[in-house]
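What follows is one structure encoded as structure tokens, with my remarks underneath.
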Amino acid sequence: MKKELTLQDYVRLVLRRRWIIVSATAGVLLATAVYMLFSPPVYESASVFMLETQNLSFTEKGMMLAEQTRPLGYYQAIMRSRLYRNRVFDIFFQDMPEEIPGDFDSKEFFSVFQEGVSLASAEYTDFITLRARANNPDVAYRIAVLATEVLKNRCQEIDREELQNAVDFIDQQTMISKTKLEEAETALQEFRRRTKITVIDEEGGLLNELLQMENKLTEIETSRQLSAAAIAGYRRRLSSDLTLETAPELGSRASGESVFQKEVADLETRRQRLIEEKGEFDPGVRALESEIDQKKRAYVNQIIQQSVKRDGSMSEADLTEIKNWQERLIDEEVNLFTLENQERHYKQLIEEFKAKHPNIMDQSIELIGLMRAQKVAENLYNFLLEKGEEAKIKAATGTGGIRIVDNPVFPQHPVPVNVMRNLVLGLILGLGLGFGLALVKEYTDNAIYTKTDITQDFELTVVGEIPAYGGLRPRDLPFFKGRKGSTRDKHLTEGPLLTQMPLKSGTSEAFRSFRSNLHFANVDQDLKSIVISSSNAEEGKSLTSANLAIAYALLGEDVILVDADLRKPRLHKLFECQKSPGLTECLVEGVPVDQVVQKTKTEHLYIVPAGKTPPNPSEIMSSKRMAHFIGEIESRGKLVLFDSAPLLPVTDTFVLASMTDGMILIVKHGHTSRFDIEHVTEMLTNAKVNIVGVVLNQIPVTRGYGYYYYYGKSYRGYY
């Protein structure tokens, strides 16, 4: 299981995987440079628009033609529409100038239009910029001109459609109002013809008072009908134009509605009575009006918070527009409710007036009612006619909400390329990619690299750490080369045996340290015979066995090195001795031990070569003669080292190790897998083999590999 990486581990990771990081960075930088060098020049032509207020809306004072500025997203949505793109396409190829390349086809057009045409906010508020980019200046200029013109025309079309909807609604309301006006005028004329009454005479001022109340009631009824028309327009706008569900009507909302109605009704009643007693300019009247307005505003805000909810598909501009329309709608509903209260109040006053003065002619009262109805219908009809004409004029002359401020200009020079910025971005991207690949490699790499990987993950003792030497080039350093004439790295190119290395080299010191660690690791046990092996082939077990034997022999102790790898023996080549007779002849043919033990050039070091390659190495290793040979050879030397076959491919070594005092496992840096070590240690434990320790072999002498950076910096510098 991988441990969590610390800062020091990250530093080592960067040093260890530096070629991945360098390669990725260089590749991205090279790709960036090639792209900037060979990419064709880009030309840009742009136009600037000014946003105008455009929407038709309803307010407390009536309908208005100009209210809000449409958001940028509205115009961007138009440009992304298929209709807009197809119109620009048709005009572009309809009368294509000669300057446009002949091979510029529809595929290239749509590619340029998709990637090169954009709309964004300009430097100043309420201004937007349309840009067109292409590799050809004529193409960029023509697309910019056509895109500008088509956008303006399309906005005007949409605006006319919206205004036409408003005109249709106003015409519909006008026809209804005209019918009511004709009915009111007909009724008034019929009444006058029938009663012969044309003027209302005053009688002690009472009829004048009644007339004032009737006029006030007429004014309130007119305002109420205008308010109802405005509410219908708001709801139509919200349900049709904005495709949203409208807010519920005022009387169908929360239970707090009745409280509000009662409070406002009471305040209105008090206000009207105070006006009758003290006049409209009394401070008490003003105070009541202020209190009524505060309650209205608090109620409107409460309803707005309850009715307007955010939809994840809405933009901020759409949500703001919806809130504005909802606020107008609710505010107008509250106003309608107030007008209805006032209307009921004046009707009640008129009824009370009639009850107090029964002598007033009923015909006069009827005439007043008919005149009031005719006046209300006439005012509403004239208002609708006026606004209808305004809407028609706006529909015919509107700009669509945008006005061209600056037309596109033919580009004389390509858009400048910021070389330094692109290179810096390429460098950052390359470093990020390289470090990411290094992390992926690190977390997916199951090889052993450090001493900690062995001690913490497998709880084994590391008795030796050997650097790369003997002319071997580590796989992790494919470009590593020792500097000619440098004594610091001489041990990397000399060898492979310890006797062939400088006495004070780092590798010599590593094997001496290995020898000492092996001695102190087994103080309580006298090791007479040790098997040296590895998980797989080519991990350096034979060379390590030979140099460890030489290290012990240099102490003046008799050491016997046995080549027990009967499949691929190598020790006879390292020590330049005869391969036969050897271990095979001793075990199979009965050759005496004295005849197979050969003296080497190193004093106190003896070798038993492998001999002939047998067809059945496993059976030979597990024979009784092998056990007898081990006992006899142990009596002839201070220490016996067995160089055996690798553990995973064959079973020879497991049998041999069970007959000796212990085993040393060779682990090649950056090569041996954690899974292999886990498998091998489990098999050795089951075979009851004593694992004396582990040797981390072939460590690159370079930064990022921990221990042998220490050798390169400390030991070689010390001697």
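Labels for the structure tokens follow display order: chains A, B, ..., residues from 1 in each chain, ligands from 1.
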
Which residues of region 116-175 of chain A come within 10 Å of region 37-56 of chain A, and what is each one's closest atom pair and distance in Å (one decimal), counting only C-alpha atoms, sorted by chain and residue number, as a Markdown table?
```
| residue | atom | partner | partner_atom | distance |
| --- | --- | --- | --- | --- |
| A:Gly116 | CA | A:Glu44 | CA | 8.7 |
| A:Val117 | CA | A:Ala46 | CA | 9.5 |
| A:Ser118 | CA | A:Ala46 | CA | 9.6 |
| A:Leu119 | CA | A:Ala46 | CA | 9.6 |
| A:Ala120 | CA | A:Val48 | CA | 9.9 |
| A:Ser121 | CA | A:Val48 | CA | 9.5 |
| A:Ala122 | CA | A:Val48 | CA | 7.7 |
| A:Tyr124 | CA | A:Met50 | CA | 9.7 |
| A:Thr125 | CA | A:Met50 | CA | 8.9 |
| A:Asp126 | CA | A:Leu51 | CA | 5.2 |
| A:Phe127 | CA | A:Met50 | CA | 4.6 |
| A:Ile128 | CA | A:Phe49 | CA | 5.3 |
| A:Thr129 | CA | A:Val48 | CA | 4.5 |
| A:Leu130 | CA | A:Ser47 | CA | 5.3 |
| A:Arg131 | CA | A:Ala46 | CA | 4.3 |
| A:Ala132 | CA | A:Ser45 | CA | 5.5 |
| A:Arg133 | CA | A:Glu44 | CA | 4.5 |
| A:Ala134 | CA | A:Tyr43 | CA | 5.5 |
| A:Asn135 | CA | A:Val42 | CA | 4.6 |
| A:Asn136 | CA | A:Tyr43 | CA | 6.4 |
| A:Pro137 | CA | A:Tyr43 | CA | 5.3 |
| A:Asp138 | CA | A:Tyr43 | CA | 8.8 |
| A:Val139 | CA | A:Tyr43 | CA | 8.9 |
| A:Ala140 | CA | A:Ser45 | CA | 5.9 |
| A:Tyr141 | CA | A:Ser45 | CA | 5.4 |
| A:Arg142 | CA | A:Ser45 | CA | 8.7 |
| A:Ile143 | CA | A:Ser45 | CA | 8.5 |
| A:Ala144 | CA | A:Ser45 | CA | 6.0 |
| A:Val145 | CA | A:Ser47 | CA | 8.0 |
| A:Ala147 | CA | A:Ser47 | CA | 9.5 |
| A:Thr148 | CA | A:Ser47 | CA | 7.0 |
| A:Lys152 | CA | A:Phe49 | CA | 9.3 |
| A:Asp159 | CA | A:Gln54 | CA | 8.0 |
| A:Glu162 | CA | A:Leu56 | CA | 8.3 |
| A:Leu163 | CA | A:Leu56 | CA | 7.0 |
| A:Ala166 | CA | A:Leu56 | CA | 7.5 |
```

Spatial neighbours of Glu185 (chain A), max dist 9 Å, only C-alpha atoms, sep filter under 2 positions, as a list in words: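 Surrounding residues, per the criterion: Lys180, Leu181, Glu182, Glu183, Ala187, Leu188, Gln189, Glu190, Leu370, Met371, Ala373 and Gln374 of chain A.
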
Would you export the selected residues with C-alpha atoms as a PDB file, in the first residue's frame, please?
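Output contents, as saved in again08.pdb:
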```pdb
ATOM      1  CA  LYS A 180     -69.288  50.365 -24.024  1.00  0.00           C
ATOM      2  CA  LEU A 181     -69.009  54.054 -24.985  1.00  0.00           C
ATOM      3  CA  GLU A 182     -71.645  53.674 -27.716  1.00  0.00           C
ATOM      4  CA  GLU A 183     -73.938  51.886 -25.298  1.00  0.00           C
ATOM      5  CA  ALA A 187     -78.586  55.211 -23.061  1.00  0.00           C
ATOM      6  CA  LEU A 188     -77.912  58.882 -22.201  1.00  0.00           C
ATOM      7  CA  GLN A 189     -79.562  60.132 -25.396  1.00  0.00           C
ATOM      8  CA  GLU A 190     -82.547  57.874 -24.898  1.00  0.00           C
ATOM      9  CA  LEU A 370     -75.674  57.810 -17.147  1.00  0.00           C
ATOM     10  CA  MET A 371     -73.366  60.788 -17.558  1.00  0.00           C
ATOM     11  CA  ALA A 373     -70.918  55.888 -17.323  1.00  0.00           C
ATOM     12  CA  GLN A 374     -70.543  57.817 -20.594  1.00  0.00           C
TER      13      GLN A 374
END
```

Residue with smallest distance to Glu219 (chain A) - pool A:Val463, A:Met683, A:Val692, A:Leu339, counting only C-alpha atoms: A:Leu339

Residue with smallest distance to Ile448 (chain A) - pool A:Arg625, A:Lys528, A:His572, A:His669, counting only C-alpha atoms: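 The answer is A:His669, which sits nearest to Ile448 (chain A).
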
Region 421-431 of chain A surroundings by only C-alpha atoms, 9 Å radius, close-in-sequence under 3 positions cut, as a ChimeraX atom specification: /A:21-33,36,417-418,434-436

Deliver the residues from the most recent selection as a file, using C-alpha atoms, as a PDB file, in the first residue's frame.
```pdb
ATOM      1  CA  ILE A  21       8.656  16.442 -16.761  1.00  0.00           C
ATOM      2  CA  VAL A  22      11.355  17.825 -19.061  1.00  0.00           C
ATOM      3  CA  SER A  23      10.036  15.859 -22.043  1.00  0.00           C
ATOM      4  CA  ALA A  24       6.420  16.939 -21.464  1.00  0.00           C
ATOM      5  CA  THR A  25       7.414  20.578 -20.988  1.00  0.00           C
ATOM      6  CA  ALA A  26       9.647  20.555 -24.038  1.00  0.00           C
ATOM      7  CA  GLY A  27       6.935  18.869 -26.093  1.00  0.00           C
ATOM      8  CA  VAL A  28       4.278  21.420 -25.141  1.00  0.00           C
ATOM      9  CA  LEU A  29       6.679  24.331 -25.705  1.00  0.00           C
ATOM     10  CA  LEU A  30       7.674  22.891 -29.057  1.00  0.00           C
ATOM     11  CA  ALA A  31       4.031  22.390 -30.052  1.00  0.00           C
ATOM     12  CA  THR A  32       3.266  25.971 -28.974  1.00  0.00           C
ATOM     13  CA  ALA A  33       6.198  27.340 -30.944  1.00  0.00           C
ATOM     14  CA  MET A  36       2.656  30.082 -33.537  1.00  0.00           C
ATOM     15  CA  VAL A 417       0.211  37.349 -31.490  1.00  0.00           C
ATOM     16  CA  ASN A 418       1.488  37.662 -27.936  1.00  0.00           C
ATOM     17  CA  GLY A 434       4.780  16.685 -16.921  1.00  0.00           C
ATOM     18  CA  PHE A 435       4.213  16.735 -13.181  1.00  0.00           C
ATOM     19  CA  GLY A 436       0.847  15.058 -13.656  1.00  0.00           C
TER      20      GLY A 436
END
```

Atomic distance CA of Gly670 (chain A) - CA of Ser529 (chain A), expressed in Å with one decimal: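 Computing the Euclidean distance for CA of Gly670 (chain A) and CA of Ser529 (chain A) yields 28.9 Å.
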
Strand (DSSP E or B) positions in region 452-684 of chain A, given as a ChimeraX atom specification: /A:462-467,529-534,559-563,598-599,605-608,639-643,662-668,673

Who sits within 12 Å of region 269-281 of chain A, only C-alpha atoms, same chain under 6 positions skipped, as a list in words: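 Those residues are Glu209, Met213, Lys216, Lys262, Glu263, Ala287, Leu288, Glu289, Ser290, Glu291, Ile292, Thr338, Asn341, Gln342, Glu343, Arg344, His345, Tyr346, Gln348 and Leu349 of chain A.
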
Can I get the residues of region 628-710 of chain A within 12 Å of region 583-607 of chain A, each with the closest pair of atoms and their distance in Å to one decimal, using only C-alpha atoms, sorted chain first then ascending number, as CSV?
```
residue,atom,partner,partner_atom,distance
A:His628,CA,A:Leu587,CA,9.3
A:Phe629,CA,A:Leu587,CA,7.7
A:Ile630,CA,A:Val593,CA,10.3
A:Gly631,CA,A:Val593,CA,11.2
A:Glu632,CA,A:Val593,CA,7.9
A:Ile633,CA,A:Val593,CA,7.5
A:Glu634,CA,A:Val593,CA,11.3
A:Ser635,CA,A:Val593,CA,11.3
A:Arg636,CA,A:Asp594,CA,9.6
A:Gly637,CA,A:Tyr606,CA,8.9
A:Lys638,CA,A:His604,CA,9.8
A:Leu639,CA,A:Leu605,CA,10.0
A:Val640,CA,A:Tyr606,CA,9.5
A:Leu641,CA,A:Ile607,CA,9.5
A:Phe642,CA,A:Ile607,CA,10.0
A:Asp643,CA,A:Ile607,CA,10.7
A:Ser644,CA,A:Leu583,CA,11.9
```

Interatomic distance, CA of Val695 (chain A) to CA of Lys612 (chain A) (Å, one decimal):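 Value for the CA of Val695 (chain A)-CA of Lys612 (chain A) distance: 29.3 Å.
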
Point-to-point distance from CA of Arg154 (chain A) to CA of Arg80 (chain A), Å rounded to tenths: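 Pair CA of Arg154 (chain A) / CA of Arg80 (chain A) returns 12.3 Å.
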
Distance criterion (only C-alpha atoms): nearest to Tyr381 (chain A) out of A:Asp171, A:Glu332, A:Asp95, A:Glu221: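 Among A:Asp171, A:Glu332, A:Asp95, A:Glu221, it is A:Asp171 that comes nearest to Tyr381 (chain A).
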
Closest of A:Asp558, A:Asn86, A:Val11, A:Val462 to Phe520 (chain A) - atom-to-atom distances counting only C-alpha atoms: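 Under the stated criterion, the closest residue is A:Val462.
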
Top pick for closest residue to Arg17 (chain A), considering A:Leu437, A:Thr174, A:Asn536, A:Gln326 and counting only C-alpha atoms: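 Of the candidates, the smallest distance to Arg17 (chain A) is held by A:Leu437.
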